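Just below is one structure, and these are the notes that go with it.
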Amino acid sequence: MRRLFPRRPKSPGLSPGTLVHIGEKKSDTVKISYLEYNADDYFSEGEIAAIGELNSATDPSTVTWINVAGLHQIEIIETVGQSFGIHPLLLEDILNTDQRPKMEQYDHYLYISLKMIHWRDDPGEIETEQVSIVLGNSFVLTFQEQEKDVFDPVRRRVREGTGRIRDSSADYLAYALLDIIVDHYFLILEYMGEHIELVEEELITEPDVETLQRIYSLKREMLFLRRSVWPLREIIGRLQRGDSSLFQSGSLIYLRDVYEHTIQVIDTVETFRDIVSGLLDIYLSSLSNKMNEVMKVLTVIATIFIPLTFLTSLYGMNFSFMPELAWPWAYPTLWGLMLIISGTMLLYFKKKDWL
Amino acid sequence: MRRLFPRRPKSPGLSPGTLVHIGEKKSDTVKISYLEYNADDYFSEGEIAAIGELNSATDPSTVTWINVAGLHQIEIIETVGQSFGIHPLLLEDILNTDQRPKMEQYDHYLYISLKMIHWRDDPGEIETEQVSIVLGNSFVLTFQEQEKDVFDPVRRRVREGTGRIRDSSADYLAYALLDIIVDHYFLILEYMGEHIELVEEELITEPDVETLQRIYSLKREMLFLRRSVWPLREIIGRLQRGDSSLFQSGSLIYLRDVYEHTIQVIDTVETFRDIVSGLLDIYLSSLSNKMNEVMKVLTVIATIFIPLTFLTSLYGMNFSFMPELAWPWAYPTLWGLMLIISGTMLLYFKKKDWL
Amino acid sequence: MRRLFPRRPKSPGLSPGTLVHIGEKKSDTVKISYLEYNADDYFSEGEIAAIGELNSATDPSTVTWINVAGLHQIEIIETVGQSFGIHPLLLEDILNTDQRPKMEQYDHYLYISLKMIHWRDDPGEIETEQVSIVLGNSFVLTFQEQEKDVFDPVRRRVREGTGRIRDSSADYLAYALLDIIVDHYFLILEYMGEHIELVEEELITEPDVETLQRIYSLKREMLFLRRSVWPLREIIGRLQRGDSSLFQSGSLIYLRDVYEHTIQVIDTVETFRDIVSGLLDIYLSSLSNKMNEVMKVLTVIATIFIPLTFLTSLYGMNFSFMPELAWPWAYPTLWGLMLIISGTMLLYFKKKDWL
Amino acid sequence: MRRLFPRRPKSPGLSPGTLVHIGEKKSDTVKISYLEYNADDYFSEGEIAAIGELNSATDPSTVTWINVAGLHQIEIIETVGQSFGIHPLLLEDILNTDQRPKMEQYDHYLYISLKMIHWRDDPGEIETEQVSIVLGNSFVLTFQEQEKDVFDPVRRRVREGTGRIRDSSADYLAYALLDIIVDHYFLILEYMGEHIELVEEELITEPDVETLQRIYSLKREMLFLRRSVWPLREIIGRLQRGDSSLFQSGSLIYLRDVYEHTIQVIDTVETFRDIVSGLLDIYLSSLSNKMNEVMKVLTVIATIFIPLTFLTSLYGMNFSFMPELAWPWAYPTLWGLMLIISGTMLLYFKKKDWL
Amino acid sequence: MRRLFPRRPKSPGLSPGTLVHIGEKKSDTVKISYLEYNADDYFSEGEIAAIGELNSATDPSTVTWINVAGLHQIEIIETVGQSFGIHPLLLEDILNTDQRPKMEQYDHYLYISLKMIHWRDDPGEIETEQVSIVLGNSFVLTFQEQEKDVFDPVRRRVREGTGRIRDSSADYLAYALLDIIVDHYFLILEYMGEHIELVEEELITEPDVETLQRIYSLKREMLFLRRSVWPLREIIGRLQRGDSSLFQSGSLIYLRDVYEHTIQVIDTVETFRDIVSGLLDIYLSSLSNKMNEVMKVLTVIATIFIPLTFLTSLYGMNFSFMPELAWPWAYPTLWGLMLIISGTMLLYFKKKDWL
């Protein structure tokens with residue numbers, strides 16, 4: 001089960017800038033890969049096996065994308081940070097995977113952290129992984145918790161040179177990464193939507209205690225999704241209004257697109273919340289309905305037979321003087337009486353719509 | 001049943017500007033029609049059979065309205081886009097019918113996307129269709145998902161030259177289209193209002209499980225209507241404050257009118273939401289009331305007859321020594337006692353207001 | 001029953017400015033009355049029988065108030081509009097009685113539309129009537145749906161020359177009309193407050209299904225009152241901040257007064273809403289309380305007599321070998337046992353506080 | 001019981017500025033007292049028996065504080081108003097004790113109206129009294145509904161010359177009065193807090209219908225307290241930001257203090273509201289819990305004895321051919337069977353945790 | 001149990017600036033300790049036994065941190081205040097431990113008051129202690145209610161000269177203190193999160209009345225935590241935007257970090273609130289579920305045996321003429337009939353899913 005609460009940003013009292021990995025260790029090794037390209041058809045791709053190989057001097061005329069998958073080896077993050085002149089507080093943020101999405105503008109680069117969201121279908125849970133994007137003039141650094149990511153289509157576009165990406169500068173690459181992360185949220189919304197419809201159907205056919213637990217867990221997942229998505233609205237909103245000089249004006253129109261998608265994701269999450277709280281109302285009233293039904297059955301049976309049993313018990317008494325007992329027509333008359341009583345009652349219940 | 005969740009804007013990882021139709025295919029063919037007119041009584045109307053016929057050069061002295069019904073043939077949208085110099089990202093938006101209503105200002109034209117809403121009475125559902133309006137200096141392009149639309153009265157006004165429309169420029173035509181779409185929302189509100197009143201009445205006469213489902217589905221429809229209408233407030237609000245230079249100042253007073261109507265639609269939707277959540281409260285308390293009634297019947301019958309049955313059962317015992325059994329007046333006395341007991345109880349229940 | 005939903009502003013597709021009366025026809029005839037006065041003791045009052053008599057040229061040195069009661073004769077509204085140079089869109093608004101209160105500033109005049117509220121005591125409903133006020137430099141036009149109105153005290157003050165009204169210009173007259181309409185809202189609040197207190201009392205003495213309906217209808221009335229009053233806050237707020245040049249600075253202090261009253265009305269409506277939703281909570285828990293009481297009676301009676309009936313039934317068996325049946329003290333002993341059992345149970349229920 | 005709704009500001013239609021006392025008459029006589037002092041040790045205190053004695057010319061070098069207790073004699077208020085050149089609309093506000101707290105800046109003086117709150121312990125209700133403070137350059141006028149007030153400590157400080165008060169100008173006196181009124185709110189919060197804790201305890205020990213009424217009445221009192229306190233936030237906020245030139249910059253730091261206290265009062269009121277609505281939830285679930293307990297007792301007794309009674313009734317039948325009746329061990333065997341049945345059931349209920 | 005309501009800021013009517021300790025006396029003695037250091041390796045640490053030893057003249061080239069633990073000896077606070085030229089109103093605030101967190105900018109120093117939060121595990125309660133921080137040009141004063149605090153790691157860093165702290169000026173020290181206090185909130189959130197998960201688990205396994213009390217108490221603790229944390233958002237937000245000149249621009253980046261943490265704490269508190277209110281919903285529906293289960297057991301047993309008992313009672317009657325009694329197969333036939341009846345009923349309940 002996911003932790004309800006974030007981890008402390010660092011052990012309290014450590015100097016700021018002391019690097020500590022905070023979060024689960026999600027991969028065993030750290031994998032550093034790079035991609036370099038420019039508009040003149042230069043393209044190079046590879047993996048950096050030893051951290052020493054990292055070439056700190058990046059050519060301003062090419063775009064370099066370095067992707068670090070795995071955050072538990074602090075010295076690697078430190079070396080990467082030093083190579084690109086990254087502020088220690090920013091490195092601390094990269095290592096702290098329990099953060100809220102945020103954007104911070106430094107002198108020569110821009111830091112954006114977001115949540116990449118995966119869906120684990122079995123318990124119907126979302127899984128978040130933090131992605132840190134550092135955008136410089138001619139480079140993009142990305143830091144993830146594990147190797148699995150959603151960036152493959154972007155890699156393919158760079159490799160194959162489809163679209164504008166090879167002809168554009170680093171900010172377009174950063175946009176492409178933001179775009180694909182936000183696009184993935186729609187996938188999560190689809191899964192969630194299907195899950196909600198499943199629960200909806202279950203509610204109508206056969207609601208039980210598990211349905212309640214499913215609704216509650218949906219509510220909780222929604223809370224977490226919301227916390228991952230809401231801050232994005234402000235971050236991308238500020239970017240698309242041109243808050244950062246690293247995004248050239250030509251890219252703003254693309255960011256506007258991402259912004260619209262973010263708004264739509266938030267919109268849908270809010271609608272889901274309303275729908276899920278509506279589900280709970282239905283669950284509660286279906287409980288009441290069931291209780292009503294149970295009570296009606298009990299009431300119908302009991303109110304029909306209790307008076308009849310009284311009558312039969314009456315003539316089971318052993319008084320010496322009970323004239324009816326001797327009447328020859330007493331027994332059939334009693335049967336008639338009992339039929340009339342139960343018939344009347346059935347009619348009454350019919351009228352009350354209890355049958 | 002309508003999808004709860006929007007479709008992903010495009011397959012994640014496609015370059016931005018790659019055109020993909022997102023949404024249901026609602027019509028088989030694509031129909032392109034045009035209307036051209038100016039203040040000097042020039043008027044021409046027709047249909048464009050082959051996309052090649054499209055005359056890209058529009059005469060700045062006439063107003064051209066091109067309406068494309070059907071979005072699944074991407075090459076048609078592409079050709080239209082190229083003819084009028086439309087940005088590829090905008091074309092992508094036109095093709096994505098799962099968008100939130102939005103307005104975007106480009107250099108030479110303005111893009112507005114809204115939802116045209118129809119009402120399907122049978123399950124009491126709303127049906128939304130996206131309409132994209134591109135307003136240029138002397139042209140208006142509209143893109144819809146299917147041929148059925150609400151624009152006929154505007155077409156008639158252009159054709160017959162009633163009102164100011166023939167004497168005005170393209171922005172007035174765009175206003176007229178916005179106006180008629182928003183006016184149609186009132187029709188939807190009327191249908192919804194009638195549906196609510198129906199459910200209200202059902203709640204008083206004979207509430208059952210279906211009533212609950214109706215309330216829940218009303219709530220859901222409301223959520224969708226709201227999502228379609230809320231963004232309009234900001235869009236038309238910005239237009240009427242003169243945000244876009246394409247709307248001449250003479251048209252702003254008309255947009256103010258549309259703005260007021262939008263506000264009123266939103267207002268009504270919010271009131272409906274309050275009323276519908278009030279309906280749920282009533283439903284729940286009517287369930288409790290019914291349960292109370294059932295319980296009272298059971299209690300009255302059971303508490304009257306259980307003691308009586310005890311008495312009759314008492315004198316059905318077979319003890320050798322039971323002096324009462326031999327008393328001649330025992331049986332009538334017992335009857336008297338039982339009448340007194342049940343009478344007292346009835347009085348008690350009468351006093352408690354249970355009968 | 002009042003309509004839940006507003007009427008469409010006009011038949012969709014009509015040119016803007018086409019005059020159509022929207023709303024119920026509340027009076028048979030249209031009555032046009034006028035009042036003219038200035039600070040030099042000039043005063044004239046009368047009724048305009050034929051619309052042709054309307055003197056379009058108003059003397060700038062006198063204040064002219066023309067009141068039109070009844071909106072269904074469009075040509076009358078049209079003539080009045082033409083006489084005073086009123087914009088056709090504004091006339092459309094005057095005729096549409098299903099509007100939200102609003103204020104619109106035109107070049108030479110100001111348009112304010114509000115709701116005049118009456119209280120119909122029988123079903124405890126409010127009734128709204130739209131009043132349109134057009135304030136020009138030296139004239140005030142008012143348009144109402146029927147003759148009955150709340151303006152008589154203002155008429156009297158003009159007639160008798162009490163207060164500042166005769167010495168002031170048209171804006172003061174407009175203020176006096178706004179003031180008296182808002183003052184009338186307090187009357188409505190009083191009626192509503194009394195109605196709430198009535199329902200409160202009913203809840204304590206004898207809540208039944210009707211009480212629930214009363215609460216629900218109160219809630220609905222509140223929603224409608226709110227819709228009529230909330231927009232006023234902004235309208236009068238803007239006026240008192242001097243948004244319109246037609247209100248001279250000397251009148252702003254009076255508008256501030258009206259503004260305070262509007263705020264207080266809104267405040268009270270919101271408090272009422274909170275109180276009414278509190279009433280529903282009480283209603284629901286009083287239902288639960290009643291159910292508890294019913295259940296306790298049933299439980300006490302059933303749990304006392306069921307075991308006793310078992311015992312009596314036991315000794316009603318016809319086994320050949322049942323030694324107790326022959327014991328002489330068996331019957332009195334059983335009585336003793338039964339008394340002990342029921343006594344113990346009564347004590348237990350007493351302790352549980354169920355009796 | 002307090003009125004739910006405010007009184008109409010004046011009889012509708014009266015000219016603005018017509019003085020009418022609105023509210024309950026809370027004292028029989030009107031008592032006017034004054035305090036005059038300056039930094040040079042001049043001090044004078046007394047009561048004004050006849051309204052004619054009022055010295056309208058106030059010495060700008062001394063601070064004059066005139067306190068009017070009792071508002072029902074309009075001519076007194078009028079005379080005071082004329083002496084100090086107060087605007088008639090302001091006098092109208094002073095007389096209307098059903099107002100919302102407000103602040104109004106006039107040319108030469110500042111008007112602040114607030115609520116002084118007392119606590120009546122018996123029904124656990126708050127009682128509000130309106131205080132109007134008019135601050136001029138060298139005078140402070142206060143108007144209250146009755147003689148009882150919270151100003152004594154301020155009077156003592158002036159009399160005895162403790163603190164800065166005698167060395168400061170009129171604005172410091174006004175501050176001191178505001179301060180002591182807001183300080184008194186903390187007292188009310190203490191009483192309310194104790195009341196809430198009492199109800200909390202009652203909820204745990206023995207909740208009954210009265211507890212519900214107590215919770216509801218707490219909720220209502222909270223609504224009223226809130227209405228009295230919320231507007232203060234804005235009023236004192238504006239004062240401490242230096243909105244009025246009558247408060248010298250040296251006094252702003254003190255107003256900031258009062259502002260903080262106001263915020264804290266509002267904060268506490270909001271927390272109380274949350275707590276009280278939590279109490280209602282607990283009350284409702286304790287009702288459900290009780291019902292559960294009642295039902296369990298009924299179910300345990302009924303399900304144990306109903307099958308046993310069936311068995312005994314079975315062998316009470318009078319069929320000629322019932323072999324068991326003749327078996328010598330039948331009776332003890334039946335006893336054994338019944339013990340086993342009831343034992344099994346008891347174990348089942350034990351396992352279900354119903355006993 | 002913690003007090004629900006804040007104490008009055010001072011006895012009403014005392015002059016502002018009169019020093020009174022408001023709050024619980026949490027320590028017996030007052031302990032004053034100091035730390036002095038500069039970038040040139042000067043470092044001095046110690047305790048001030050007698051208040052006279054306090055050296056009021058602080059060397060602007062060294063940073064002095066004076067920590068006062070224990071607030072009940074007013075004269076000590078007063079002496080410290082006079083030594084550093086602190087405004088009396090500020091001293092009043094330091095002594096009032098029931099305040100809301102706040103920040104106040106004075107001419108030469110900045111006042112920040114926050115809540116240090118501890119967790120008492122036994123009843124699952126939070127305990128707040130007020131910390132006042134006064135930041136001057138070259139000094140930091142801290143005032144706490146008791147000696148126990150969270151500052152030790154900062155002391156250690158100063159002592160050992162780790163990180164930037166010894167090379168920085170007083171504002172960095174103030175930042176470090178703020179940082180460690182906010183970091184501690186994460187600890188509290190962890191404890192609360194664990195507590196919530198505990199209650200969650202209890203809800204699923206065996207919810208009882210205590211669970212409800214736990215939920216309610218969690219809700220209350222949340223309210224208090226919220227009140228302590230929310231105001232921090234604004235305080236630190238203003239600081240990090242550079243509102244106070246005492247924080248040098250180099251420190252702002254660190255404050256931004258604290259700000260992010262504060263936002264995250266608030267975010268988590270809000271999520272907790274949502275989760276806890278979800279717990280209540282689950283509790284209520286689990287009550288309904290239990291009731292349903294109880295009712296089903298009762299209904300199944302009663303509806304099966306009541307008709308059977310009627311039959312047996314029928315043949316216990318003593319009518320002279322009851323032909324069935326003499327039939328030899330009557331008894332086995334009856335048995336068969338009863339088996340059929342109860343079998344049918346069991347099937348019916350099975351189908352209804354009641355078994």
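Identifiers for the structure tokens are assigned positionally: chains receive A, B, ... in sequence, residues are indexed from 1 per chain, and ligands are indexed from 1 in the order shown.
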
Hey, which bits of chain D sit within 7 Å of chain E, and for each residue what's the closest pair of atoms and how far apart in Å (one decimal), counting only C-alpha atoms, rows by chain and increasing number, as a tab-separated table?
```
residue	atom	partner	partner_atom	distance
D:Pro153	CA	E:Gly13	CA	4.6
D:Val154	CA	E:Gly13	CA	5.9
D:Gly163	CA	E:Ser15	CA	5.6
D:Ile180	CA	E:Pro12	CA	5.8
D:Asp183	CA	E:Pro12	CA	5.7
D:His184	CA	E:Pro12	CA	6.8
D:Phe186	CA	E:Arg8	CA	5.2
D:Leu187	CA	E:Arg8	CA	6.8
D:Leu189	CA	E:Phe5	CA	6.6
D:Glu190	CA	E:Phe5	CA	6.0
D:Gly193	CA	E:Phe5	CA	5.8
D:Gln264	CA	E:Arg100	CA	6.5
D:Thr268	CA	E:Phe5	CA	6.8
D:Thr271	CA	E:Leu223	CA	6.8
D:Ser285	CA	E:Leu284	CA	6.4
D:Ser288	CA	E:Leu287	CA	6.8
D:Asn292	CA	E:Met291	CA	5.7
D:Lys296	CA	E:Val294	CA	6.5
D:Thr299	CA	E:Leu298	CA	5.2
D:Thr303	CA	E:Ile301	CA	5.9
D:Ile306	CA	E:Phe305	CA	6.6
D:Pro307	CA	E:Phe305	CA	6.2
D:Phe310	CA	E:Thr309	CA	4.9
D:Ser313	CA	E:Thr312	CA	5.7
D:Leu314	CA	E:Thr312	CA	5.0
D:Gly316	CA	E:Gly316	CA	5.4
D:Met317	CA	E:Gly316	CA	3.9
D:Asn318	CA	E:Gly316	CA	5.3
D:Phe319	CA	E:Leu325	CA	4.3
D:Ser320	CA	E:Ala326	CA	5.3
D:Phe321	CA	E:Pro328	CA	5.7
D:Met322	CA	E:Tyr331	CA	6.5
```

What are the DSSP helix (DSSP H, G or I) residues of range 40-238 of chain D, as a ChimeraX atom specification?
/D:51-53,74-84,88-95,152-160,165-167,170-205,209-238

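The closest residue to Ile204 in chain C, picked from C:Ser286, C:Ile112, C:Leu334, C:Val269 and counting only C-alpha atoms, is C:Ser286.
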
According to DSSP computed on the backbone, where in range 32-170 of chain D is there strand (DSSP E)? Give the residues as a ChimeraX atom specification.
/D:32-37,43-48,63-69,102-105,110-120,125-135,139-144

Could the residues in this selection be written to a file with C-alpha atoms, as a compact mmCIF listing (two decimals), in the first residue's frame?
```txt
# COMPACT_ATOMS: atom_id res chain seq x y z
CA ILE D 32 -25.63 60.82 28.31
CA SER D 33 -22.25 60.94 29.98
CA TYR D 34 -19.07 62.72 29.00
CA LEU D 35 -15.35 62.54 29.66
CA GLU D 36 -12.95 65.34 28.75
CA TYR D 37 -9.19 65.25 29.10
CA PHE D 43 -9.85 65.94 33.29
CA SER D 44 -13.58 66.33 33.63
CA GLU D 45 -16.30 63.70 33.86
CA GLY D 46 -20.03 63.94 34.27
CA GLU D 47 -23.50 63.27 33.12
CA ILE D 48 -25.69 65.47 30.94
CA VAL D 63 -10.38 64.97 23.82
CA THR D 64 -14.14 64.74 24.44
CA TRP D 65 -15.89 61.40 24.74
CA ILE D 66 -19.66 61.49 24.82
CA ASN D 67 -21.47 58.26 25.46
CA VAL D 68 -25.20 57.97 24.74
CA ALA D 69 -26.87 54.91 26.29
CA LYS D 102 -19.68 48.62 9.02
CA MET D 103 -17.31 51.53 8.67
CA GLU D 104 -18.00 54.69 6.76
CA GLN D 105 -15.66 57.55 6.13
CA LEU D 110 -15.36 58.29 10.76
CA TYR D 111 -18.30 56.06 11.58
CA ILE D 112 -17.80 52.52 12.88
CA SER D 113 -20.63 50.31 14.06
CA LEU D 114 -19.96 47.00 15.79
CA LYS D 115 -21.72 44.46 17.93
CA MET D 116 -21.00 44.21 21.64
CA ILE D 117 -21.72 40.59 22.59
CA HIS D 118 -22.95 39.30 25.91
CA TRP D 119 -23.50 35.69 26.86
CA ARG D 120 -26.69 34.51 28.50
CA GLU D 125 -27.40 32.11 23.84
CA ILE D 126 -25.48 35.15 22.76
CA GLU D 127 -26.99 38.59 22.97
CA THR D 128 -25.80 41.33 20.71
CA GLU D 129 -25.98 45.04 21.26
CA GLN D 130 -25.01 47.58 18.64
CA VAL D 131 -22.34 50.15 19.46
CA SER D 132 -21.79 53.07 17.13
CA ILE D 133 -18.50 54.92 17.36
CA VAL D 134 -18.10 58.30 15.69
CA LEU D 135 -14.50 59.47 15.69
CA PHE D 139 -14.02 63.86 19.95
CA VAL D 140 -15.40 60.36 20.15
CA LEU D 141 -19.13 59.73 20.29
CA THR D 142 -20.43 56.34 21.30
CA PHE D 143 -24.03 55.22 21.05
CA GLN D 144 -25.28 52.07 22.76
```

To one decimal place in Å, what is the distance between CA of Ser342 in chain C and CA of Ile341 in chain B?
17.2 Å

Take CA of Arg166 in chain D and CA of Ala39 in chain D and report the distance between them in Å, one decimal.
5.5 Å

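The space separating CA of Ala49 in chain C from CA of Arg156 in chain C comes to 21.9 Å.
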